[in-house]
>>> print(open('protein29.pdb').read())   # PDB, C-alpha atoms
ATOM      1  CA  MET X   1     -23.975  13.149 -93.903
ATOM      2  CA  ILE X   2     -22.935   9.595 -94.646
ATOM      3  CA  GLY X   3     -25.875   7.212 -94.460
ATOM      4  CA  THR X   4     -28.669   9.778 -94.258
ATOM      5  CA  ASN X   5     -30.202   8.955 -97.640
ATOM      6  CA  ASP X   6     -29.451   5.264 -97.136
ATOM      7  CA  ALA X   7     -31.700   5.320 -94.072
ATOM      8  CA  ALA X   8     -34.683   6.478 -96.145
ATOM      9  CA  PRO X   9     -37.134   3.562 -96.430
ATOM     10  CA  LYS X  10     -37.765   4.315-100.117
ATOM     11  CA  PHE X  11     -34.188   3.285-100.952
ATOM     12  CA  ASN X  12     -34.408  -0.023 -99.063
ATOM     13  CA  ALA X  13     -30.639   0.109 -98.580
ATOM     14  CA  ASP X  14     -28.565  -2.485 -96.767
ATOM     15  CA  LEU X  15     -27.192  -0.274 -94.004
ATOM     16  CA  ARG X  16     -24.334  -2.702 -93.346
ATOM     17  CA  LEU X  17     -22.919  -1.510 -96.669
ATOM     18  CA  VAL X  18     -22.804   2.039 -95.310
ATOM     19  CA  GLY X  19     -20.386   0.829 -92.637
ATOM     20  CA  SER X  20     -18.243  -1.242 -94.979
ATOM     21  CA  HIS X  21     -18.033   1.525 -97.587
ATOM     22  CA  PHE X  22     -17.176   4.031 -94.871
ATOM     23  CA  LEU X  23     -14.417   1.714 -93.632
ATOM     24  CA  SER X  24     -13.047   1.595 -97.186
ATOM     25  CA  LEU X  25     -13.054   5.393 -97.238
ATOM     26  CA  LEU X  26     -11.129   5.495 -93.940
ATOM     27  CA  HIS X  27      -8.533   3.082 -95.369
ATOM     28  CA  MET X  28      -8.155   5.263 -98.477
ATOM     29  CA  LEU X  29      -7.715   8.395 -96.358
ATOM     30  CA  ALA X  30      -5.138   6.628 -94.179
ATOM     31  CA  THR X  31      -3.192   5.560 -97.293
ATOM     32  CA  LEU X  32      -3.244   9.112 -98.618
ATOM     33  CA  ARG X  33      -2.061  10.432 -95.263
ATOM     34  CA  ARG X  34       0.902   8.032 -95.200
ATOM     35  CA  LYS X  35       1.988   9.358 -98.605
ATOM     36  CA  HIS X  36       1.905  12.959 -97.370
ATOM     37  CA  SER X  37       3.782  13.175 -94.079
ATOM     38  CA  ARG X  38       2.407  16.585 -93.120
ATOM     39  CA  LEU X  39      -1.109  15.082 -93.052
ATOM     40  CA  HIS X  40      -0.033  12.162 -90.894
ATOM     41  CA  ARG X  41       0.111  13.991 -87.564
ATOM     42  CA  ASP X  42      -3.573  14.675 -86.880
ATOM     43  CA  PRO X  43      -6.449  12.208 -86.689
ATOM     44  CA  ILE X  44      -9.182  11.860 -89.280
ATOM     45  CA  PHE X  45     -12.158  13.756 -87.894
ATOM     46  CA  VAL X  46     -15.592  12.217 -88.420
ATOM     47  CA  ALA X  47     -18.801  14.005 -87.459
ATOM     48  CA  LEU X  48     -21.596  11.473 -87.145
ATOM     49  CA  PRO X  49     -24.543  12.423 -89.352
ATOM     50  CA  PRO X  50     -27.558  14.016 -87.743
ATOM     51  CA  GLY X  51     -30.821  12.254 -88.126
ATOM     52  CA  ASN X  52     -34.162  13.615 -87.129
ATOM     53  CA  LYS X  53     -35.950  11.467 -89.684
ATOM     54  CA  TRP X  54     -35.618   7.796 -90.640
ATOM     55  CA  ASP X  55     -33.995   7.074 -87.290
ATOM     56  CA  VAL X  56     -30.471   7.662 -88.576
ATOM     57  CA  VAL X  57     -28.983   7.603 -85.081
ATOM     58  CA  SER X  58     -30.119   4.066 -84.250
ATOM     59  CA  ARG X  59     -30.020   2.657 -87.792
ATOM     60  CA  VAL X  60     -26.844   4.190 -89.272
ATOM     61  CA  HIS X  61     -24.632   5.266 -86.366
ATOM     62  CA  PRO X  62     -23.942   1.689 -85.177
ATOM     63  CA  HIS X  63     -22.501   0.785 -88.591
ATOM     64  CA  LEU X  64     -20.360   3.925 -88.685
ATOM     65  CA  ARG X  65     -19.171   3.382 -85.098
ATOM     66  CA  SER X  66     -18.274  -0.209 -85.940
ATOM     67  CA  ALA X  67     -16.259   0.931 -88.983
ATOM     68  CA  ILE X  68     -14.454   3.510 -86.840
ATOM     69  CA  ASN X  69     -13.616   0.885 -84.207
ATOM     70  CA  ILE X  70     -12.283  -1.498 -86.869
ATOM     71  CA  ALA X  71     -10.201   1.329 -88.370
ATOM     72  CA  ARG X  72      -8.801   2.180 -84.941
ATOM     73  CA  GLY X  73      -7.980  -1.491 -84.423
ATOM     74  CA  VAL X  74      -5.697  -1.457 -87.456
ATOM     75  CA  GLY X  75      -3.981   1.757 -86.400
ATOM     76  CA  ILE X  76      -6.008   4.414 -88.209
ATOM     77  CA  ASP X  77      -6.344   7.445 -85.938
ATOM     78  CA  VAL X  78     -10.018   8.471 -86.105
ATOM     79  CA  GLU X  79     -11.669  11.069 -83.891
ATOM     80  CA  MET X  80     -15.448  10.680 -83.705
ATOM     81  CA  ILE X  81     -17.511  13.816 -83.120
ATOM     82  CA  ASN X  82     -21.089  13.701 -81.920
ATOM     83  CA  VAL X  83     -23.071  16.901 -82.431
ATOM     84  CA  GLU X  84     -26.265  17.468 -80.453
ATOM     85  CA  PHE X  85     -29.121  18.871 -82.525
ATOM     86  CA  ALA X  86     -32.385  20.542 -81.579
ATOM     87  CA  VAL X  87     -35.553  20.896 -83.653
ATOM     88  CA  ASP X  88     -34.359  24.239 -85.067
ATOM     89  CA  SER X  89     -31.288  22.463 -86.453
ATOM     90  CA  TYR X  90     -33.340  21.057 -89.333
ATOM     91  CA  GLN X  91     -35.114  22.475 -92.346
ATOM     92  CA  SER X  92     -38.831  21.778 -92.679
ATOM     93  CA  ASP X  93     -38.151  18.394 -94.360
ATOM     94  CA  ASN X  94     -36.601  17.188 -91.078
ATOM     95  CA  VAL X  95     -33.631  15.785 -93.024
ATOM     96  CA  HIS X  96     -31.427  18.638 -94.173
ATOM     97  CA  LEU X  97     -29.718  20.923 -91.705
ATOM     98  CA  SER X  98     -30.823  24.497 -91.278
ATOM     99  CA  THR X  99     -28.337  27.321 -90.938
ATOM    100  CA  VAL X 100     -28.470  26.757 -87.175
ATOM    101  CA  GLY X 101     -27.690  23.046 -87.608
ATOM    102  CA  ALA X 102     -24.881  23.666 -90.083
ATOM    103  CA  ARG X 103     -23.372  26.193 -87.674
ATOM    104  CA  LYS X 104     -23.477  23.604 -84.854
ATOM    105  CA  VAL X 105     -21.556  21.121 -87.013
ATOM    106  CA  ALA X 106     -19.019  23.775 -88.036
ATOM    107  CA  GLU X 107     -18.513  24.929 -84.445
ATOM    108  CA  ALA X 108     -18.097  21.367 -83.136
ATOM    109  CA  LEU X 109     -15.552  20.519 -85.822
ATOM    110  CA  ALA X 110     -13.718  23.808 -85.362
ATOM    111  CA  GLN X 111     -13.440  23.205 -81.617
ATOM    112  CA  VAL X 112     -11.986  19.738 -82.135
ATOM    113  CA  VAL X 113      -9.471  21.028 -84.674
ATOM    114  CA  VAL X 114      -8.429  23.880 -82.364
ATOM    115  CA  ASP X 115      -8.132  21.523 -79.379
ATOM    116  CA  THR X 116      -6.047  19.101 -81.449
ATOM    117  CA  ALA X 117      -3.770  21.880 -82.662
ATOM    118  CA  ARG X 118      -3.159  23.005 -79.081
ATOM    119  CA  ALA X 119      -2.424  19.522 -77.796
ATOM    120  CA  PRO X 120       1.212  18.515 -77.506
ATOM    121  CA  PRO X 121       2.379  16.110 -80.216
ATOM    122  CA  ALA X 122       2.002  12.443 -79.381
ATOM    123  CA  ARG X 123       5.165  10.629 -78.413
ATOM    124  CA  LEU X 124       6.172   7.773 -80.644
TER     125      LEU X 124
END
>>> encode(input="protein29.pdb", output="C-alpha cells")
Amino acid sequence: MIGTNDAAPKFNADLRLVGSHFLSLLHMLATLRRKHSRLHRDPIFVALPPGNKWDVVSRVHPHLRSAINIARGVGIDVEMINVEFAVDSYQSDNVHLSTVGARKVAEALAQVVVDTARAPPARL
C-alpha cells in the first residue's frame, strides 16, 4: 500500500518522494537478489496500491510507475500488477481493504506468480 497514507491531505506529503523512496527500495531488492542466485530468476512483483480515497490512482501511481520504468531502464526486472477494485473492496473508511479487496490482491498476485512459474526460463 505504498503511498496511500502519503496521499492523505493531512500529511501534506511531497508525493515525488514516494517515487524516489520506492526506487531506492527496488534497488535494494535488486542488490539482495544478486547476492542470492536462487532469487535472481523471477521478477520483483509490485501490486499498485488501491485508492478509493485521496485520489491515490492519479496522485501516487504516476510516481510509482515512473520509479518502475527507471528501475527497468537500469536492468531491474519489475512486474507491475494492477488490481481492479469495486466499492465492496474497501472498509467503511474507504481507505483500507475489506476481506473482498484483500482477496482480490491475493488472487491477482497468486495468478502472476503461477503464470511466471509456468513460463519457460528466459534465455540469456
>>> residues_around(input="protein29.pdb", residues="His61 in chain X", least_positions_apart="3", cutoff="10 Å", atoms="all atoms listed in the file", output="mmCIF file with C-alpha atoms, keeping the file's coordinate frame")
data_model
loop_
_atom_site.group_PDB
_atom_site.id
_atom_site.type_symbol
_atom_site.label_atom_id
_atom_site.label_comp_id
_atom_site.auth_asym_id
_atom_site.auth_seq_id
_atom_site.Cartn_x
_atom_site.Cartn_y
_atom_site.Cartn_z
ATOM 1 C CA ILE X 2 -22.935 9.595 -94.646
ATOM 2 C CA GLY X 3 -25.875 7.212 -94.460
ATOM 3 C CA THR X 4 -28.669 9.778 -94.258
ATOM 4 C CA LEU X 15 -27.192 -0.274 -94.004
ATOM 5 C CA VAL X 18 -22.804 2.039 -95.310
ATOM 6 C CA GLY X 19 -20.386 0.829 -92.637
ATOM 7 C CA LEU X 48 -21.596 11.473 -87.145
ATOM 8 C CA PRO X 49 -24.543 12.423 -89.352
ATOM 9 C CA PRO X 50 -27.558 14.016 -87.743
ATOM 10 C CA GLY X 51 -30.821 12.254 -88.126
ATOM 11 C CA ASP X 55 -33.995 7.074 -87.290
ATOM 12 C CA VAL X 56 -30.471 7.662 -88.576
ATOM 13 C CA VAL X 57 -28.983 7.603 -85.081
ATOM 14 C CA SER X 58 -30.119 4.066 -84.250
ATOM 15 C CA LEU X 64 -20.360 3.925 -88.685
ATOM 16 C CA ARG X 65 -19.171 3.382 -85.098
ATOM 17 C CA SER X 66 -18.274 -0.209 -85.940
ATOM 18 C CA ALA X 67 -16.259 0.931 -88.983
#
>>> closest_residue(input="protein29.pdb", among="X:Ser92, X:Thr31, X:Asn69, X:Asn82", to="Val112 in chain X", atoms="all atoms listed in the file")
X:Asn82
>>> closest_residue(input="protein29.pdb", among="X:Ser98, X:Ala106, X:Val114, X:Val87", to="Asn52 in chain X", atoms="only C-alpha atoms")
X:Val87
>>> residues_around(input="protein29.pdb", residues="Leu26 in chain X", least_positions_apart="6", cutoff="9 Å", atoms="all atoms listed in the file", output="list in words")
Ile44, Ala67, Ile68, Ala71, Ile76 and Val78 of chain X
>>> axis_aligned_box(input="protein29.pdb", around="range 81-95 of chain X", padding_each_side="3 Å", output="AutoDock Vina command-line options")
--center_x -28.2 --center_y 19.0 --center_z -87.4 --size_x 27.3 --size_y 16.5 --size_z 19.9
>>> residues_around(input="protein29.pdb", residues="Val46 in chain X", least_positions_apart="4", cutoff="8 Å", atoms="all atoms listed in the file", output="PyMOL selection string")
chain X and resi 78-81
>>> atom_distance(input="protein29.pdb", atom1="CA of Pro43 in chain X", atom2="CA of Gly75 in chain X")
10.7 Å
>>> residues_around(input="protein29.pdb", residues="Asp42 in chain X", least_positions_apart="4", cutoff="9 Å", atoms="all atoms listed in the file", output="PDB file with C-alpha atoms, in the frame of the given file")
ATOM      1  CA  ARG X  38       2.407  16.585 -93.120  1.00  0.00           C
ATOM      2  CA  ASP X  77      -6.344   7.445 -85.938  1.00  0.00           C
ATOM      3  CA  VAL X  78     -10.018   8.471 -86.105  1.00  0.00           C
ATOM      4  CA  VAL X 113      -9.471  21.028 -84.674  1.00  0.00           C
ATOM      5  CA  THR X 116      -6.047  19.101 -81.449  1.00  0.00           C
ATOM      6  CA  ALA X 117      -3.770  21.880 -82.662  1.00  0.00           C
TER       7      ALA X 117
END
>>> closest_residue(input="protein29.pdb", among="X:Arg33, X:Lys53, X:Arg59, X:Arg72", to="Tyr90 in chain X", atoms="all atoms listed in the file")
X:Lys53
>>> atom_distance(input="protein29.pdb", atom1="CA of Ser20 in chain X", atom2="CA of Val60 in chain X")
11.7 Å
>>> closest_residue(input="protein29.pdb", among="X:Gln91, X:Phe85, X:Ala13, X:Val74", to="Ala108 in chain X", atoms="only C-alpha atoms")
X:Phe85
>>> residues_around(input="protein29.pdb", residues="range 102-104 of chain X", least_positions_apart="5", cutoff="10 Å", atoms="all atoms listed in the file", output="JSON, numbers by chain")
{"X": [83, 84, 85, 86, 89, 90, 96, 97, 109, 110]}
>>> closest_residue(input="protein29.pdb", among="X:Ile70, X:Gly101, X:Trp54, X:Pro62", to="Lys10 in chain X", atoms="all atoms listed in the file")
X:Trp54
>>> closest_residue(input="protein29.pdb", among="X:Gln111, X:Val100, X:Leu32, X:His63", to="Leu17 in chain X", atoms="only C-alpha atoms")
X:His63
>>> atom_distance(input="protein29.pdb", atom1="CA of Ala7 in chain X", atom2="CA of His27 in chain X")
23.3 Å
